[in-house]
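Just entry_3.cif here, mmCIF, C-alpha atoms:
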data_target
#
loop_
_atom_site.label_atom_id
_atom_site.label_comp_id
_atom_site.auth_asym_id
_atom_site.auth_seq_id
_atom_site.Cartn_x
_atom_site.Cartn_y
_atom_site.Cartn_z
CA MET Y 1 -14.15 11.93 -8.57
CA ILE Y 2 -16.12 13.04 -5.51
CA TRP Y 3 -13.74 14.83 -3.19
CA GLN Y 4 -15.70 14.16 0.02
CA LEU Y 5 -15.56 10.40 -0.62
CA ASP Y 6 -11.88 10.73 -1.50
CA LEU Y 7 -11.14 12.51 1.79
CA ILE Y 8 -13.09 9.93 3.86
CA PHE Y 9 -11.23 7.01 2.24
CA CYS Y 10 -7.88 8.76 2.67
CA ILE Y 11 -8.57 9.25 6.39
CA PHE Y 12 -9.60 5.60 6.77
CA VAL Y 13 -6.43 4.51 4.98
CA ILE Y 14 -4.26 6.58 7.33
CA ILE Y 15 -6.09 5.21 10.40
CA CYS Y 16 -5.56 1.65 9.16
CA ALA Y 17 -1.87 2.31 8.45
CA ILE Y 18 -1.25 3.74 11.93
CA ALA Y 19 -3.17 0.88 13.57
CA ALA Y 20 -1.26 -1.74 11.55
CA ILE Y 21 2.12 -0.52 12.75
CA THR Y 22 1.17 0.13 16.39
CA ILE Y 23 -0.69 -3.08 17.33
CA LYS Y 24 1.55 -5.60 19.14
CA ASP Y 25 -0.37 -8.69 18.02
CA LEU Y 26 1.07 -9.52 14.59
CA LEU Y 27 -1.99 -11.44 13.35
CA ALA Y 28 -4.22 -8.44 14.11
CA ALA Y 29 -1.71 -6.15 12.40
CA VAL Y 30 -1.80 -8.32 9.28
CA ILE Y 31 -5.61 -8.37 9.18
CA ILE Y 32 -5.64 -4.58 9.54
CA LEU Y 33 -3.17 -4.43 6.65
CA GLY Y 34 -5.74 -6.37 4.63
CA ALA Y 35 -8.38 -3.80 5.55
CA TYR Y 36 -5.91 -1.09 4.51
CA SER Y 37 -5.54 -2.78 1.13
CA PHE Y 38 -9.30 -2.91 0.65
CA PHE Y 39 -9.69 0.78 1.51
CA MET Y 40 -6.89 1.53 -0.95
CA CYS Y 41 -8.81 -0.49 -3.55
CA LEU Y 42 -11.98 1.54 -2.89
CA LEU Y 43 -9.94 4.72 -3.26
CA TRP Y 44 -8.65 3.61 -6.65
CA THR Y 45 -12.10 2.59 -7.84
CA GLU Y 46 -13.30 6.03 -6.88
CA MET Y 47 -10.38 7.57 -8.84
CA GLY Y 48 -11.42 5.62 -11.94
CA ALA Y 49 -8.57 3.12 -11.96
CA VAL Y 50 -10.79 0.03 -11.89
CA ASP Y 51 -8.15 -2.34 -13.32
CA VAL Y 52 -5.66 -1.39 -10.64
CA ALA Y 53 -8.40 -1.66 -8.01
CA PHE Y 54 -9.37 -5.23 -8.78
CA THR Y 55 -5.75 -6.30 -9.06
CA GLU Y 56 -5.13 -4.80 -5.63
CA ALA Y 57 -8.25 -6.48 -4.19
CA SER Y 58 -7.29 -9.93 -5.46
CA VAL Y 59 -3.48 -9.82 -5.35
CA GLY Y 60 -2.74 -7.23 -2.67
CA ALA Y 61 -5.50 -7.87 -0.16
CA GLY Y 62 -6.13 -11.54 -0.97
CA VAL Y 63 -2.81 -13.23 -1.73
CA GLY Y 64 -0.77 -10.79 0.36
CA THR Y 65 -2.84 -11.39 3.50
CA VAL Y 66 -2.71 -15.17 2.97
CA LEU Y 67 1.09 -15.06 2.63
CA PHE Y 68 1.43 -12.90 5.74
CA ILE Y 69 -0.86 -15.17 7.80
CA ALA Y 70 1.08 -18.25 6.67
CA ALA Y 71 4.36 -16.63 7.70
CA VAL Y 72 3.02 -15.43 11.06
CA SER Y 73 1.60 -18.88 11.85
CA LYS Y 74 5.03 -20.42 11.11
CA THR Y 75 6.80 -17.90 13.35
CA LYS Y 76 5.92 -15.97 16.49
CA ARG Y 77 2.66 -14.05 16.88
CA ARG Y 78 3.76 -11.61 19.58
CA SER Y 79 5.85 -8.56 18.83
CA LYS Y 80 7.68 -6.36 21.31
CA ASP Y 81 6.85 -3.01 19.70
CA MET E 1 -1.36 30.04 -1.19
CA LEU E 2 -3.58 28.44 1.47
CA ASP E 3 -6.10 27.69 -1.23
CA TYR E 4 -3.41 25.91 -3.21
CA VAL E 5 -2.32 23.86 -0.18
CA ILE E 6 -5.89 22.79 0.64
CA GLY E 7 -6.70 22.15 -3.00
CA LYS E 8 -3.87 19.60 -3.20
CA TYR E 9 -4.84 17.91 0.08
CA ASN E 10 -4.49 14.41 -1.36
CA PHE E 11 -0.77 14.92 -1.96
CA TRP E 12 -0.29 15.80 1.73
CA ILE E 13 -2.11 12.61 2.67
CA TYR E 14 0.18 10.55 0.44
CA VAL E 15 3.23 12.14 2.06
CA VAL E 16 1.85 11.25 5.51
CA LEU E 17 1.26 7.63 4.41
CA MET E 18 4.76 7.37 2.96
CA MET E 19 6.30 8.71 6.16
CA ILE E 20 4.28 6.21 8.24
CA GLY E 21 5.77 3.45 6.10
CA LEU E 22 9.29 4.87 6.38
CA TYR E 23 8.97 5.16 10.16
CA ALA E 24 7.80 1.54 10.41
CA MET E 25 10.75 0.39 8.30
CA MET E 26 13.33 2.32 10.34
CA GLY E 27 11.86 2.66 13.84
CA LYS E 28 10.19 -0.68 14.50
CA LYS E 29 12.27 -3.57 15.85
CA ASN E 30 10.09 -6.46 14.69
CA LEU E 31 10.85 -7.72 11.19
CA VAL E 32 7.20 -8.37 10.27
CA LYS E 33 6.41 -4.78 11.27
CA LYS E 34 9.19 -3.60 8.96
CA LEU E 35 7.64 -5.59 6.14
CA ILE E 36 4.20 -4.09 6.84
CA GLY E 37 5.85 -0.67 6.68
CA MET E 38 7.37 -1.54 3.32
CA ASN E 39 3.93 -2.52 2.00
CA ILE E 40 2.43 0.77 3.20
CA PHE E 41 5.29 2.71 1.59
CA GLN E 42 4.81 0.96 -1.74
CA SER E 43 1.06 1.45 -1.87
CA ALA E 44 1.45 5.13 -0.97
CA ILE E 45 3.68 5.58 -4.03
CA ILE E 46 1.22 3.64 -6.20
CA LEU E 47 -1.60 5.83 -4.87
CA PHE E 48 0.36 8.95 -5.83
CA TYR E 49 0.88 7.71 -9.37
CA ILE E 50 -2.77 6.72 -9.79
CA SER E 51 -3.88 10.15 -8.61
CA THR E 52 -1.82 11.81 -11.35
CA GLY E 53 -4.05 10.11 -13.94
CA VAL E 54 -7.24 11.70 -12.57
CA LYS E 55 -8.83 14.53 -14.54
CA LYS E 56 -11.44 17.00 -13.40
CA GLY E 57 -14.60 17.76 -15.31
CA GLY E 58 -16.45 14.49 -15.81
CA ALA E 59 -13.69 12.35 -17.28
CA THR E 60 -14.54 8.64 -17.01
CA VAL E 61 -12.87 5.23 -17.04
CA PRO E 62 -10.75 4.79 -20.20
CA ILE E 63 -13.11 2.47 -22.08
CA LEU E 64 -14.01 3.68 -25.56
CA MET E 65 -17.71 4.48 -25.90
CA GLY E 66 -20.00 6.56 -28.05
CA HIS E 67 -17.91 5.94 -31.15
CA ALA E 68 -19.91 6.65 -34.31
CA GLN E 69 -20.27 3.65 -36.64
CA GLY E 70 -19.33 3.65 -40.30
CA HIS E 71 -17.50 6.94 -40.47
CA GLY E 72 -14.03 5.52 -40.81
CA HIS E 73 -11.30 7.20 -38.82
CA GLN E 74 -12.58 9.63 -36.22
CA ALA E 75 -10.89 11.75 -33.64
CA ILE E 76 -11.49 10.67 -30.03
CA ASP E 77 -12.06 13.30 -27.39
CA VAL E 78 -9.16 12.58 -25.02
CA ALA E 79 -10.38 15.02 -22.38
CA GLY E 80 -13.35 12.72 -21.69
CA TYR E 81 -11.17 9.84 -20.47
CA LEU E 82 -8.76 9.37 -17.58
CA ASN E 83 -5.09 8.91 -18.38
CA PRO E 84 -4.54 5.13 -18.56
CA LEU E 85 -0.72 5.22 -18.61
CA PRO E 86 -0.18 5.44 -14.81
CA HIS E 87 -2.80 2.70 -14.33
CA VAL E 88 -0.88 0.29 -16.54
CA LEU E 89 2.46 1.11 -14.94
CA MET E 90 1.11 0.69 -11.41
CA LEU E 91 -0.55 -2.63 -12.28
CA THR E 92 2.95 -3.99 -12.75
CA ALA E 93 4.14 -2.34 -9.54
CA ILE E 94 1.43 -4.12 -7.49
CA VAL E 95 2.48 -7.52 -8.80
CA VAL E 96 6.15 -6.75 -8.15
CA SER E 97 5.34 -5.61 -4.60
CA ILE E 98 3.53 -8.87 -3.81
CA ALA E 99 6.47 -10.84 -5.22
CA THR E 100 8.97 -8.96 -3.04
CA THR E 101 6.69 -9.51 -0.03
CA GLY E 102 6.65 -13.25 -0.70
CA VAL E 103 10.44 -13.46 -0.94
CA ALA E 104 10.83 -11.34 2.20
CA LEU E 105 8.45 -13.60 4.15
CA ALA E 106 10.40 -16.68 3.05
CA ILE E 107 13.65 -15.10 4.27
CA LEU E 108 11.86 -14.16 7.50
CA ILE E 109 10.86 -17.78 8.16
CA LEU E 110 14.47 -18.86 7.59
CA ILE E 111 15.69 -16.19 10.05
CA TYR E 112 13.18 -17.43 12.63
CA ARG E 113 14.36 -21.04 12.22
CA ARG E 114 17.96 -20.01 12.74
CA TYR E 115 17.67 -17.47 15.58
CA ASN E 116 14.28 -18.43 17.07
CA THR E 117 13.24 -14.77 17.25
CA LEU E 118 12.08 -12.01 14.92
CA GLU E 119 13.23 -9.00 16.94
CA GLU E 120 16.09 -7.15 15.32
CA ASP E 121 17.93 -6.28 18.55
CA GLU E 122 17.77 -9.88 19.84
CA ILE E 123 19.13 -11.21 16.53
CA LEU E 124 21.99 -8.72 16.62
CA LYS E 125 22.73 -9.67 20.25
CA ILE E 126 22.80 -13.41 19.41
CA ARG E 127 25.10 -12.74 16.47
CA LYS E 128 27.40 -10.67 18.69
CA ASP E 129 27.48 -13.27 21.49
CA THR E 130 28.13 -16.27 19.28
CA GLY E 131 30.48 -14.39 16.96
CA VAL E 132 28.75 -15.62 13.80
#
Would you kindly transcribe this structure into structure tokens?
Amino acid sequence: MIWQLDLIFCIFVIICAIAAITIKDLLAAVIILGAYSFFMCLLWTEMGAVDVAFTEASVGAGVGTVLFIAAVSKTKRRSKD
Amino acid sequence: MLDYVIGKYNFWIYVVLMMIGLYAMMGKKNLVKKLIGMNIFQSAIILFYISTGVKKGGATVPILMGHAQGHGHQAIDVAGYLNPLPHVLMLTAIVVSIATTGVALAILILIYRRYNTLEEDEILKIRKDTGV
């Protein structure tokens, strides 16, 4: 585990989390959540948990984003906050 | 003391992530935003558990290697491998989290069909006005 890399990924993850909950466009928020999941996956690869990382990349970032996009396209895209 | 706090910086970052998720679940009015907050909260907890399996000093991925052939039973140096128990537990947690997200999105679509909005305050207002 390289701590500099760990710190950089942690900061990216926090930036993505804050952006995902502040953006008013729901589709953009969902895509940023996908980016958050991929950064989380990189963080886990770097921690040595490769099995968890590829499950997160396929299930969390892949299927999760698809489900979210399907739901947002069936409902409203704009959010008030 | 300060050394200890800085040395465990990753735990502080997990706490910040968890609180971001909690704020989104409680403070945001939009239901999709609440769901995004729940996802962030869950992955922060998973991240915490994964980080407890990390060892310092050159420990690698838990795949057995360098095992001598033909010597029968041999002791394995555990300190050379990461702890795989949290990995296995959190693998299940990821799948459960995606399942809960799917159910929540289905309920969300039903709510939208019934009330034609996804804002919590508007839904509560409609329910109060119509008396349902």
Handout entry: Nearest-residue call for chain E, choices Y:Ile2, Y:Glu56, Y:Glu46, Y:Ile69, using only C-alpha atoms
Key = Y:Glu56
Practice task
Using the chain letters and numbers from the file, give me the residues hit by the PyMOL selection byres ((chain Y) within 8 of (chain E)), as JSON, numbers by chain.
Solution key: {"Y": [1, 7, 10, 14, 17, 18, 20, 21, 26, 30, 33, 40, 44, 47, 48, 49, 50, 51, 52, 55, 56, 59, 60, 63, 64, 67, 68, 71, 74, 75, 76, 79, 80, 81]}
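Between atom CA of Cys16 of chain Y and atom CA of Ile32 of chain Y lies a distance of 6.2 Å.
Closest approach to Ile6 of chain E among Y:Arg78, Y:Val66, Y:Thr22, Y:Trp3 is made by Y:Trp3 (distances from only C-alpha atoms).
What separates atom CA of Asp25 of chain Y from atom CA of Ile11 of chain Y is a distance of 22.9 Å.
Computed from the coordinates, the atom CA of Ile123 of chain E to atom CA of Val72 of chain Y distance equals 17.5 Å.
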